[in-house]
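Have a look at target-v9.txt below; it lists compact mmCIF, C-alpha atoms and all ligand atoms.
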```
# COMPACT_ATOMS: atom_id res chain seq x y z
CA MET A 1 -13.80 -16.04 -6.83
CA GLN A 2 -11.00 -14.82 -9.08
CA ALA A 3 -7.29 -15.53 -8.81
CA THR A 4 -4.33 -13.50 -10.04
CA GLU A 5 -0.84 -14.94 -9.97
CA ILE A 6 2.46 -13.34 -9.21
CA LYS A 7 5.22 -15.50 -10.71
CA THR A 8 8.50 -13.66 -10.63
CA ALA A 9 11.70 -14.25 -12.60
CA THR A 10 13.29 -15.64 -9.43
CA GLY A 11 10.59 -18.30 -9.25
CA LYS A 12 8.57 -16.74 -6.43
CA TYR A 13 4.87 -17.52 -6.54
CA SER A 14 1.97 -15.74 -4.92
CA LYS A 15 -1.75 -16.19 -5.48
CA ILE A 16 -4.12 -13.28 -4.95
CA ILE A 17 -7.71 -14.34 -4.55
CA THR A 18 -10.48 -11.77 -4.79
CA ASP A 19 -14.04 -12.33 -3.61
CA GLU A 20 -13.01 -15.24 -1.44
CA ASP A 21 -14.64 -15.77 1.94
CA PHE A 22 -11.95 -14.91 4.51
CA THR A 23 -12.96 -17.90 6.67
CA LYS A 24 -11.54 -20.17 3.96
CA PHE A 25 -7.99 -18.93 4.46
CA GLN A 26 -6.83 -22.27 5.88
CA ASN A 27 -7.55 -23.91 2.52
CA TYR A 28 -4.49 -22.14 1.13
CA PHE A 29 -1.79 -23.88 3.17
CA SER A 30 -1.20 -27.35 4.49
CA GLU A 31 0.68 -26.69 7.75
CA GLN A 32 -0.99 -27.94 10.92
CA LYS A 33 0.27 -25.09 13.03
CA VAL A 34 -0.81 -21.56 12.19
CA ILE A 35 -0.22 -18.35 14.13
CA VAL A 36 -2.31 -15.35 13.18
CA ILE A 37 -0.74 -11.88 13.44
CA ILE A 38 -3.85 -9.74 13.52
CA ASP A 39 -4.89 -6.10 13.70
CA GLU A 40 -6.62 -5.74 17.10
CA ASN A 41 -9.58 -3.96 15.45
CA ILE A 42 -10.13 -6.95 13.14
CA PHE A 43 -9.80 -9.30 16.11
CA ASP A 44 -12.63 -7.41 17.85
CA LEU A 45 -14.81 -7.13 14.73
CA TYR A 46 -14.38 -10.69 13.42
CA PRO A 47 -14.70 -13.27 16.27
CA PHE A 48 -13.92 -16.07 13.78
CA PHE A 49 -10.18 -15.57 14.39
CA ARG A 50 -10.39 -16.17 18.15
CA LYS A 51 -10.09 -19.92 17.75
CA PHE A 52 -6.50 -19.53 16.48
CA ASN A 53 -3.32 -18.62 18.32
CA CYS A 54 -3.40 -14.86 17.70
CA ILE A 55 -0.80 -12.15 18.19
CA LYS A 56 -2.65 -8.83 18.23
CA ILE A 57 -1.09 -5.59 17.05
CA CYS A 58 -2.26 -2.00 17.08
CA ALA A 59 -2.29 -0.88 13.42
CA ASP A 60 -0.83 2.57 13.88
CA GLU A 61 1.94 3.93 11.65
CA LYS A 62 3.91 4.80 14.82
CA ASN A 63 3.88 1.09 15.75
CA LYS A 64 5.27 -0.06 12.41
CA THR A 65 8.67 -0.42 14.05
CA LEU A 66 11.37 -2.92 14.95
CA LYS A 67 10.12 -2.72 18.55
CA THR A 68 6.76 -4.15 17.47
CA VAL A 69 8.56 -6.83 15.47
CA GLU A 70 10.63 -7.75 18.55
CA ASN A 71 7.46 -7.94 20.58
CA ILE A 72 5.87 -10.30 18.05
CA ILE A 73 9.02 -12.43 17.98
CA SER A 74 8.87 -12.83 21.79
CA GLN A 75 5.29 -14.02 21.44
CA LEU A 76 6.20 -16.39 18.60
CA ILE A 77 8.85 -17.95 20.85
CA GLU A 78 6.31 -18.26 23.69
CA LEU A 79 3.90 -19.96 21.29
CA GLN A 80 6.73 -22.29 20.25
CA ALA A 81 6.62 -21.24 16.62
CA ASP A 82 9.12 -23.27 14.61
CA ARG A 83 10.03 -23.71 10.96
CA SER A 84 6.87 -25.72 10.36
CA THR A 85 4.61 -22.89 11.58
CA PHE A 86 2.56 -20.94 9.04
CA ILE A 87 2.08 -17.20 9.67
CA ALA A 88 -1.17 -15.57 8.57
CA GLY A 89 -1.20 -11.75 8.62
CA VAL A 90 -4.75 -10.46 9.00
CA GLY A 91 -5.39 -6.74 8.63
CA GLY A 92 -4.66 -3.70 6.51
CA GLY A 93 -1.36 -2.52 5.05
CA ILE A 94 0.32 -1.89 8.39
CA THR A 95 -0.43 -5.39 9.67
CA CYS A 96 0.55 -7.08 6.38
CA ASP A 97 3.83 -5.12 6.23
CA ILE A 98 4.70 -6.07 9.82
CA ALA A 99 3.51 -9.69 9.58
CA GLY A 100 5.29 -10.29 6.26
CA PHE A 101 8.53 -8.82 7.56
CA THR A 102 8.42 -10.76 10.83
CA ALA A 103 7.62 -14.02 9.03
CA SER A 104 10.52 -13.34 6.65
CA ILE A 105 13.13 -12.97 9.37
CA TYR A 106 11.94 -15.29 12.19
CA MET A 107 14.14 -18.41 12.10
CA ARG A 108 15.38 -17.21 8.70
CA GLY A 109 11.87 -17.21 7.30
CA LEU A 110 8.54 -18.96 7.78
CA ARG A 111 5.88 -19.49 5.14
CA PHE A 112 3.21 -16.81 5.26
CA GLY A 113 0.04 -15.47 3.65
CA PHE A 114 -2.38 -12.59 4.16
CA VAL A 115 -6.05 -11.91 4.71
CA SER A 116 -6.05 -8.35 3.46
CA THR A 117 -8.80 -6.32 5.10
CA SER A 118 -8.58 -2.65 4.05
CA LEU A 119 -9.21 -1.25 0.58
CA LEU A 120 -5.68 0.21 0.41
CA SER A 121 -4.20 -3.11 1.37
CA GLN A 122 -6.34 -5.12 -1.07
CA VAL A 123 -5.42 -2.96 -4.05
CA ASP A 124 -1.79 -2.31 -3.16
CA ALA A 125 -0.09 -2.87 0.20
CA SER A 126 -0.55 -6.64 0.54
CA ILE A 127 0.35 -7.32 -3.11
CA GLY A 128 3.88 -7.67 -4.45
CA GLY A 129 6.03 -8.92 -1.59
CA LYS A 130 7.43 -5.71 -0.13
CA ASN A 131 7.37 -6.13 3.64
CA GLY A 132 8.91 -3.74 6.10
CA VAL A 133 8.82 -1.31 8.97
CA ASN A 134 9.66 2.34 9.53
CA PHE A 135 12.81 3.54 11.26
CA ASP A 136 12.87 6.85 13.11
CA ARG A 137 9.59 7.46 11.21
CA PHE A 138 11.39 7.15 7.87
CA LYS A 139 8.91 5.08 5.89
CA ASN A 140 9.67 1.43 5.16
CA MET A 141 13.40 1.92 5.76
CA ILE A 142 13.93 -1.69 6.86
CA GLY A 143 12.40 -4.57 4.98
CA THR A 144 12.46 -7.54 2.67
CA PHE A 145 11.19 -8.59 -0.72
CA ASN A 146 9.37 -11.84 -0.04
CA GLN A 147 6.10 -12.95 -1.61
CA PRO A 148 3.18 -14.07 0.58
CA GLU A 149 1.95 -17.46 -0.64
CA PHE A 150 -1.60 -16.14 -0.87
CA VAL A 151 -3.50 -12.92 -0.37
CA ILE A 152 -7.23 -13.20 0.27
CA CYS A 153 -9.19 -10.05 -0.57
CA ASP A 154 -12.73 -10.49 0.71
CA THR A 155 -14.70 -7.40 -0.35
CA ASN A 156 -17.33 -8.14 2.30
CA MET A 157 -14.77 -7.17 4.95
CA LEU A 158 -14.72 -3.63 3.54
CA ALA A 159 -18.23 -3.11 4.98
CA THR A 160 -16.71 -2.46 8.42
CA LEU A 161 -13.93 -0.16 7.16
CA PRO A 162 -14.32 3.43 8.47
CA GLN A 163 -15.20 5.89 5.68
CA ASN A 164 -11.94 7.88 5.91
CA GLU A 165 -9.94 4.65 5.52
CA PHE A 166 -12.10 3.65 2.58
CA ILE A 167 -11.52 7.01 0.89
CA GLY A 168 -7.78 6.77 1.62
CA GLY A 169 -7.68 3.45 -0.24
CA LEU A 170 -9.15 5.10 -3.33
CA SER A 171 -5.95 7.14 -3.71
CA GLU A 172 -3.92 4.00 -4.53
CA ILE A 173 -6.59 2.97 -7.08
CA ILE A 174 -6.30 6.40 -8.71
CA LYS A 175 -2.50 6.08 -8.65
CA ILE A 176 -2.57 2.79 -10.54
CA ALA A 177 -5.07 4.19 -13.05
CA LEU A 178 -2.88 7.25 -13.66
CA ILE A 179 0.26 5.20 -14.32
CA LYS A 180 -1.28 2.23 -16.13
CA ASP A 181 -4.82 2.60 -17.37
CA SER A 182 -6.48 5.74 -18.73
CA GLU A 183 -9.80 3.90 -19.28
CA MET A 184 -9.82 2.96 -15.62
CA PHE A 185 -9.27 6.64 -14.76
CA ASP A 186 -12.24 7.63 -16.98
CA PHE A 187 -14.34 4.91 -15.36
CA ILE A 188 -13.57 6.16 -11.83
CA GLU A 189 -14.37 9.73 -12.92
CA CYS A 190 -17.81 8.63 -14.17
CA ASN A 191 -18.64 6.57 -11.10
CA THR A 192 -17.58 8.61 -8.07
CA ASP A 193 -21.04 8.54 -6.45
CA VAL A 194 -21.47 4.78 -6.63
CA ILE A 195 -17.86 4.21 -5.58
CA LEU A 196 -18.42 6.33 -2.47
CA LYS A 197 -21.55 4.26 -1.75
CA ARG A 198 -19.26 1.19 -1.91
CA ASN A 199 -21.20 -0.46 -4.73
CA LYS A 200 -19.90 -4.01 -4.53
CA THR A 201 -19.80 -4.79 -8.27
CA ILE A 202 -17.90 -1.60 -9.08
CA LEU A 203 -15.50 -2.11 -6.19
CA GLN A 204 -14.79 -5.69 -7.19
CA LYS A 205 -14.01 -4.50 -10.69
CA LEU A 206 -11.64 -1.77 -9.47
CA ILE A 207 -9.92 -4.05 -6.96
CA ALA A 208 -9.40 -6.81 -9.56
CA LYS A 209 -8.01 -4.33 -12.11
CA SER A 210 -5.66 -2.72 -9.58
CA ILE A 211 -4.35 -6.12 -8.51
CA GLN A 212 -3.83 -7.22 -12.12
CA HIS A 213 -1.88 -4.06 -12.94
CA LYS A 214 0.27 -4.33 -9.83
CA ALA A 215 0.91 -8.04 -10.45
CA ASP A 216 2.03 -7.29 -14.02
CA ILE A 217 4.48 -4.66 -12.78
CA VAL A 218 5.85 -6.89 -10.00
CA ASN A 219 6.22 -9.83 -12.40
CA SER A 220 8.39 -7.71 -14.65
CA ASP A 221 10.53 -6.25 -11.85
CA GLU A 222 10.24 -7.94 -8.46
CA PHE A 223 13.11 -6.01 -6.82
CA GLU A 224 12.32 -2.47 -8.04
CA LYS A 225 15.34 -2.10 -10.29
CA GLY A 226 13.32 -0.53 -13.08
CA ALA A 227 9.63 -0.82 -14.05
CA ARG A 228 8.39 -1.21 -10.48
CA ARG A 229 9.60 2.30 -9.62
CA ILE A 230 6.50 3.74 -11.32
CA LEU A 231 4.49 2.51 -8.34
CA ASN A 232 6.18 5.29 -6.38
CA PHE A 233 4.06 7.83 -8.28
CA GLY A 234 2.86 10.30 -5.62
CA HIS A 235 4.87 8.59 -2.89
CA THR A 236 7.99 10.79 -2.59
CA LEU A 237 6.06 13.67 -1.11
CA ALA A 238 3.57 11.30 0.59
CA HIS A 239 6.30 9.64 2.65
CA ALA A 240 7.71 13.02 3.72
CA ILE A 241 4.21 14.11 4.78
CA GLU A 242 3.71 10.91 6.77
CA ARG A 243 7.04 11.34 8.54
CA ASN A 244 6.10 14.85 9.66
CA SER A 245 2.41 14.47 10.54
CA ASP A 246 -0.24 11.98 11.56
CA ILE A 247 -1.94 12.03 8.17
CA SER A 248 -2.79 8.54 6.87
CA HIS A 249 -0.89 6.90 4.01
CA GLY A 250 -3.86 7.09 1.63
CA PHE A 251 -4.46 10.80 2.25
CA ALA A 252 -0.73 11.57 1.95
CA VAL A 253 -0.64 9.71 -1.39
CA SER A 254 -3.51 11.87 -2.66
CA ILE A 255 -1.50 15.03 -1.90
CA GLY A 256 1.54 13.39 -3.50
CA ILE A 257 -0.45 12.56 -6.65
CA MET A 258 -1.61 16.18 -6.95
CA PHE A 259 1.98 17.37 -6.48
CA ALA A 260 3.29 14.96 -9.17
CA ALA A 261 0.49 16.01 -11.55
CA LYS A 262 1.38 19.69 -11.17
CA ILE A 263 5.07 18.94 -11.76
CA SER A 264 4.10 16.89 -14.86
CA LYS A 265 2.31 19.99 -16.14
CA HIS A 266 5.31 22.17 -15.18
CA PHE A 267 7.47 20.07 -17.53
CA ASN A 268 4.77 20.27 -20.25
CA LEU A 269 4.08 16.56 -20.11
CA ILE A 270 0.35 16.94 -19.45
CA SER A 271 -2.13 19.75 -20.05
CA ASN A 272 -3.80 22.06 -17.58
CA ASP A 273 -7.07 20.22 -18.35
CA ASP A 274 -5.45 16.97 -17.18
CA VAL A 275 -4.40 18.63 -13.91
CA VAL A 276 -7.93 19.94 -13.39
CA ARG A 277 -9.41 16.48 -14.05
CA ILE A 278 -7.08 14.89 -11.49
CA LYS A 279 -7.77 17.64 -8.94
CA ASN A 280 -11.55 17.33 -9.41
CA LEU A 281 -11.50 13.56 -9.13
CA LEU A 282 -9.47 13.57 -5.92
CA SER A 283 -11.57 16.28 -4.36
CA ASN A 284 -14.91 14.71 -5.47
CA LEU A 285 -13.86 11.59 -3.61
CA GLY A 286 -13.08 13.60 -0.47
CA LEU A 287 -9.30 13.26 -0.79
CA PRO A 288 -6.96 16.12 0.24
CA LEU A 289 -4.93 18.11 -2.31
CA HIS A 290 -2.42 20.17 -0.30
CA THR A 291 -0.25 20.09 2.77
CA ASP A 292 0.64 23.01 4.98
CA ILE A 293 3.78 21.33 6.33
CA ASN A 294 6.75 23.69 6.07
CA ASP A 295 8.62 23.48 2.69
CA GLU A 296 12.03 23.22 4.30
CA ILE A 297 10.94 20.31 6.53
CA LEU A 298 9.48 18.43 3.56
CA PHE A 299 12.56 19.09 1.46
CA ARG A 300 14.98 17.91 4.15
CA THR A 301 12.95 14.74 4.72
CA ILE A 302 12.86 13.95 1.01
CA ILE A 303 16.59 14.32 0.52
CA ALA A 304 17.23 12.12 3.55
CA ASP A 305 14.87 9.46 2.16
CA LYS A 306 15.95 6.55 0.02
CA LYS A 307 14.86 7.60 -3.47
CA LYS A 308 17.55 10.21 -4.01
CA SER A 309 20.73 9.37 -5.90
CA ASP A 310 23.68 11.80 -5.93
CA ASP A 311 22.39 15.31 -6.54
CA GLU A 312 19.19 14.20 -8.27
CA ILE A 313 15.89 12.71 -7.25
CA ASN A 314 14.29 10.01 -9.38
CA PHE A 315 10.73 11.24 -9.68
CA VAL A 316 7.74 9.58 -11.31
CA LEU A 317 5.57 11.85 -13.45
CA ILE A 318 2.91 11.15 -16.08
CA LYS A 319 2.93 12.15 -19.72
CA GLU A 320 -0.82 11.55 -20.06
CA THR A 321 -3.34 9.70 -17.93
CA GLY A 322 -2.22 6.06 -17.89
CA LYS A 323 1.35 6.76 -19.03
CA PRO A 324 4.18 7.11 -16.49
CA PHE A 325 7.37 9.07 -17.13
CA GLU A 326 10.47 8.95 -14.94
CA LYS A 327 12.60 12.04 -14.60
CA ASN A 328 15.71 12.80 -12.60
CA ILE A 329 15.18 16.19 -11.01
CA LYS A 330 18.05 18.20 -9.57
CA ILE A 331 17.77 18.54 -5.81
CA SER A 332 18.09 22.32 -6.07
CA ASP A 333 15.16 22.46 -8.56
CA PHE A 334 13.16 20.14 -6.38
CA LYS A 335 13.27 22.61 -3.49
CA TYR A 336 11.67 25.21 -5.74
CA LEU A 337 9.00 22.75 -6.96
CA ILE A 338 8.02 21.97 -3.37
CA SER A 339 7.69 25.66 -2.56
CA ILE A 340 5.22 26.27 -5.41
CA PHE A 341 3.34 22.97 -5.82
CA LYS A 342 3.07 21.16 -2.46
N1 LIG B 1 4.15 -3.09 1.15
C1 LIG B 1 3.70 -2.33 0.18
O1 LIG B 1 3.95 -2.55 -1.00
C2 LIG B 1 2.82 -1.16 0.56
C3 LIG B 1 2.14 -0.44 -0.45
C4 LIG B 1 1.29 0.61 -0.06
C5 LIG B 1 1.15 0.91 1.28
N2 LIG B 1 1.84 0.22 2.22
C6 LIG B 1 1.69 0.53 3.64
O2 LIG B 1 0.36 0.24 4.03
C7 LIG B 1 0.05 1.02 5.19
C8 LIG B 1 -1.32 1.62 5.04
O3 LIG B 1 -2.25 0.57 4.93
P1 LIG B 1 -3.76 0.75 5.41
O4 LIG B 1 -4.32 2.01 4.91
O5 LIG B 1 -4.48 -0.53 5.16
O6 LIG B 1 -3.54 1.00 6.97
P2 LIG B 1 -3.95 0.17 8.29
O7 LIG B 1 -3.40 -1.19 8.26
O8 LIG B 1 -3.60 1.02 9.43
O9 LIG B 1 -5.52 0.12 8.22
C9 LIG B 1 -6.22 1.33 8.33
C10 LIG B 1 -7.19 1.35 9.51
O10 LIG B 1 -8.32 0.58 9.12
C11 LIG B 1 -8.60 -0.44 10.09
N3 LIG B 1 -9.11 -1.57 9.33
C12 LIG B 1 -8.47 -2.31 8.40
N4 LIG B 1 -9.32 -3.17 7.83
C13 LIG B 1 -10.52 -2.98 8.44
C14 LIG B 1 -11.81 -3.58 8.28
N5 LIG B 1 -12.06 -4.52 7.37
N6 LIG B 1 -12.79 -3.16 9.10
C15 LIG B 1 -12.57 -2.18 10.02
N7 LIG B 1 -11.41 -1.56 10.19
C16 LIG B 1 -10.39 -1.98 9.40
C17 LIG B 1 -7.29 -0.67 10.79
O11 LIG B 1 -7.52 -1.17 12.09
C18 LIG B 1 -6.69 0.72 10.81
O12 LIG B 1 -7.22 1.45 11.87
C19 LIG B 1 1.14 2.07 5.30
O13 LIG B 1 2.01 1.76 6.35
C20 LIG B 1 1.87 1.97 3.98
O14 LIG B 1 3.23 2.34 4.07
C21 LIG B 1 2.65 -0.81 1.88
```
Can I see the file as structure tokens?
Ligand SMILES: NC(=O)c1ccc[n+]([C@@H]2O[C@H](COP(=O)([O-])OP(=O)(O)OC[C@H]3O[C@@H](n4cnc5c(N)ncnc54)[C@H](O)[C@@H]3O)[C@@H](O)[C@H]2O)c1
Amino acid sequence: MQATEIKTATGKYSKIITDEDFTKFQNYFSEQKVIVIIDENIFDLYPFFRKFNCIKICADEKNKTLKTVENIISQLIELQADRSTFIAGVGGGITCDIAGFTASIYMRGLRFGFVSTSLLSQVDASIGGKNGVNFDRFKNMIGTFNQPEFVICDTNMLATLPQNEFIGGLSEIIKIALIKDSEMFDFIECNTDVILKRNKTILQKLIAKSIQHKADIVNSDEFEKGARRILNFGHTLAHAIERNSDISHGFAVSIGIMFAAKISKHFNLISNDDVVRIKNLLSNLGLPLHTDINDEILFRTIIADKKKSDDEINFVLIKETGKPFEKNIKISDFKYLISIFK
């Protein structure tokens, strides 16, 4: 068992525990009354949770909406949840985003924590206190910054994760390596076979490193005013892809990473060899590199999204593996970049 702390400047505290048995989650809060907001797949796969008051949700991006939140709130009222109730979100990124957001707004906020069950959620989504839902399929348009009191990442739960979801989670690990840790990138490159076989020791190492990097970034900038923006590497295009298709978040991030790498090369920040390394790594892990969604549709979605300011888009690039670089790109130039690099 290993614990990483998030302790932000505003005094928020969150404890992320890796290699903890998920059945111990009650040890991390003292409230008598707990309500579990749980992914229905996890409910079916892990009978342990049936002894609790559970609110089941279908973890589909299309359900990450205010309507689902309203539905959960009705059930919380039926279950007589009050300010002394603890909310445990149990599932992948979709469930943690929904559960964290609902807990943050119900009765002006209940205490909450997560059992994070997917690889993507363990290395990224459940960490850092961003909770929210989509609106009109615009990603995470409505949400809060509010830290879960604990996040339990039990690697044993990854054994039941479908292979495409496992591979999707690797894209967020590659993202963090590309913006924070070139040695980690080299390590992933040298270990693709064992990673794909879900070697537990290697996975634990990658999960712990990803969490540590994300915690460091969140500790320095909880509300995404500066340093935290680098976590959006690969995400501008990814969110536009998700809005216009059914492709999963992890796969969309992979395409977004490839796009950002090519643009980094376009501005002479990285070499062609770097682009080839990134391309080979993503494709060796079974991650996609391109999208065939129409350029104009992608462009229009991106400019309607929240990361644009005035006539420029704040875009995260890299200047070498492990080193992020933010650049404001003119919207008119961006249209051209989409047409050649998407
Ligand atoms: N809040 C943040 O900072 C943040 C960061 C990154 C991503 N996200 C969000 O996270 C979401 C993606 O997360 P995700 O990939 O975990 O999606 P998800 O929650 O949909 O989980 C993926 C699939 O795996 C299944 N699953 C999860 N854990 C399982 C397990 N242990 N065994 C068997 N099946 C399991 C789920 O039922 C689902 O079908 C997106 O909505 C994305 O926007 C949020």
**Asked** What lies within 8 Å of stretch 241-243 of chain A using all atoms listed in the file, ignoring chain neighbours under 2 positions off, as a ChimeraX atom specification?
**Response** /A:137-139,237-239,245-249,252,291,293,298,301
**Request:** Taking the point (-3.5, 13.9, 0.3) as given in the file, collect each protein or nucleic acid residue that comes within 7 Å of it, counting only C-alpha atoms, and present the set as a ChimeraX atom specification.
**Result:** /A:250-256,287-290
Expected file contents, prior selection, C-alpha atoms, as a compact mmCIF listing (two decimals), keeping the file's coordinate frame:
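As written to disk, again-v1.txt reads:
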```txt
# COMPACT_ATOMS: atom_id res chain seq x y z
CA GLY A 250 -3.86 7.09 1.63
CA PHE A 251 -4.46 10.80 2.25
CA ALA A 252 -0.73 11.57 1.95
CA VAL A 253 -0.64 9.71 -1.39
CA SER A 254 -3.51 11.87 -2.66
CA ILE A 255 -1.50 15.03 -1.90
CA GLY A 256 1.54 13.39 -3.50
CA LEU A 287 -9.30 13.26 -0.79
CA PRO A 288 -6.96 16.12 0.24
CA LEU A 289 -4.93 18.11 -2.31
CA HIS A 290 -2.42 20.17 -0.30
```
**Item:** Nearby residues, ligand LIG 1 (chain B), 8 Å, only C-alpha atoms and all ligand atoms, as a PyMOL selection string
**Value:** chain A and resi 39-42+45+58-61+64+91-97+116-122+124-133+139-140+157-162+165+168-169+172+248-250
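With all atoms listed in the file as the atoms that count, the minimum distance from A:Ser30 to the choices A:Gly286, A:Pro47, A:Gly113, A:Gly11 is reached by A:Gly113.
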**Request:** Could you tell me how far atom CA of A:Val151 lies from atom CA of A:Ser14, in Å and to one decimal?
**Result:**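 Atom CA of A:Val151 sits 7.7 Å away from atom CA of A:Ser14.
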**Request:** Quick one: pull the distance between atom CA of A:Ile6 and atom CA of A:Phe223, Å, one decimal.
**Result:**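 Calculated distance between atom CA of A:Ile6 and atom CA of A:Phe223 is 13.1 Å.
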**Prompt:** Using only C-alpha atoms, which residues sit within 8 Å of stretch 18-22 of chain A once same-chain residues fewer than 2 positions away are excluded, as JSON, numbers by chain?
**Reply:** {"A": [1, 2, 3, 16, 24, 25, 115, 152, 153, 154, 155, 156, 204, 208]}
**Request:** Counting only C-alpha atoms, figure out which residue out of A:Gly234, A:Phe52, A:Leu285, A:Phe267 gets nearest to A:Phe166.
**Result:**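 The answer is A:Leu285, which sits nearest to A:Phe166.
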**Asked** Of the candidates A:Gln32, A:Gln80, A:Thr321, A:Gln75, which shows the shortest atom-to-atom distance to A:Ile270, using only C-alpha atoms?
**Response**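 Between A:Gln32, A:Gln80, A:Thr321, A:Gln75, the residue approaching A:Ile270 most closely is A:Thr321.
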**Request:** Could you tell me how far atom CA of A:Cys190 lies from atom CA of A:Ile217, in Å and to one decimal?
**Result:**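 Atom CA of A:Ile217 lies 26.0 Å from atom CA of A:Cys190.
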**Contacts of stretch 218-222 of chain A at 12 Å (only C-alpha atoms; same-chain gap of 2+ positions) as a ChimeraX atom specification** = /A:4-14,124,127-130,144-147,211-216,224-231
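With distances taken over only C-alpha atoms, A:Asp295 is the one residue among A:Glu78, A:Asp44, A:Asp311, A:Asp295 lying closest to A:Ser339.
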**Prompt:** List as an MDAnalysis selection string: which residues have an atom within 9 Å of (-3.6, -19.4, 10.2), counting all atoms listed in the file?
**Reply:** chainID A and resid 25:26 29 31:37 49 52:54 86:89 112:113
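Among the candidates A:Leu337, A:Ile257, A:Arg300, A:Val276, the one nearest to A:Ile318 when counting all atoms listed in the file is A:Ile257.
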**Message:** Can you pull out the residues contacting A:Arg108? Cut-off 12 Å, using all atoms listed in the file, and skip same-chain residues under 5 positions away; I want them as a list in words.
**Reply:** Asp82, Arg83, Phe101, Thr102, Ala103, Thr144 and Asn146 of chain A
**Prompt:** From the set A:Val316, A:Leu281, A:Ala304, A:Leu206, which residue has the shortest atom-to-atom contact distance to A:Phe259, counting only C-alpha atoms?
**Reply:** A:Val316
Expected axis-aligned box over every listed atom of stretch 11-23 of chain A, 8 Å added per side, centre plus edges in Å to one decimal, as lines of an AutoDock Vina configuration file:
```
center_x = -2.0
center_y = -15.0
center_z = -1.3
size_x = 41.2
size_y = 22.5
size_z = 31.9
```
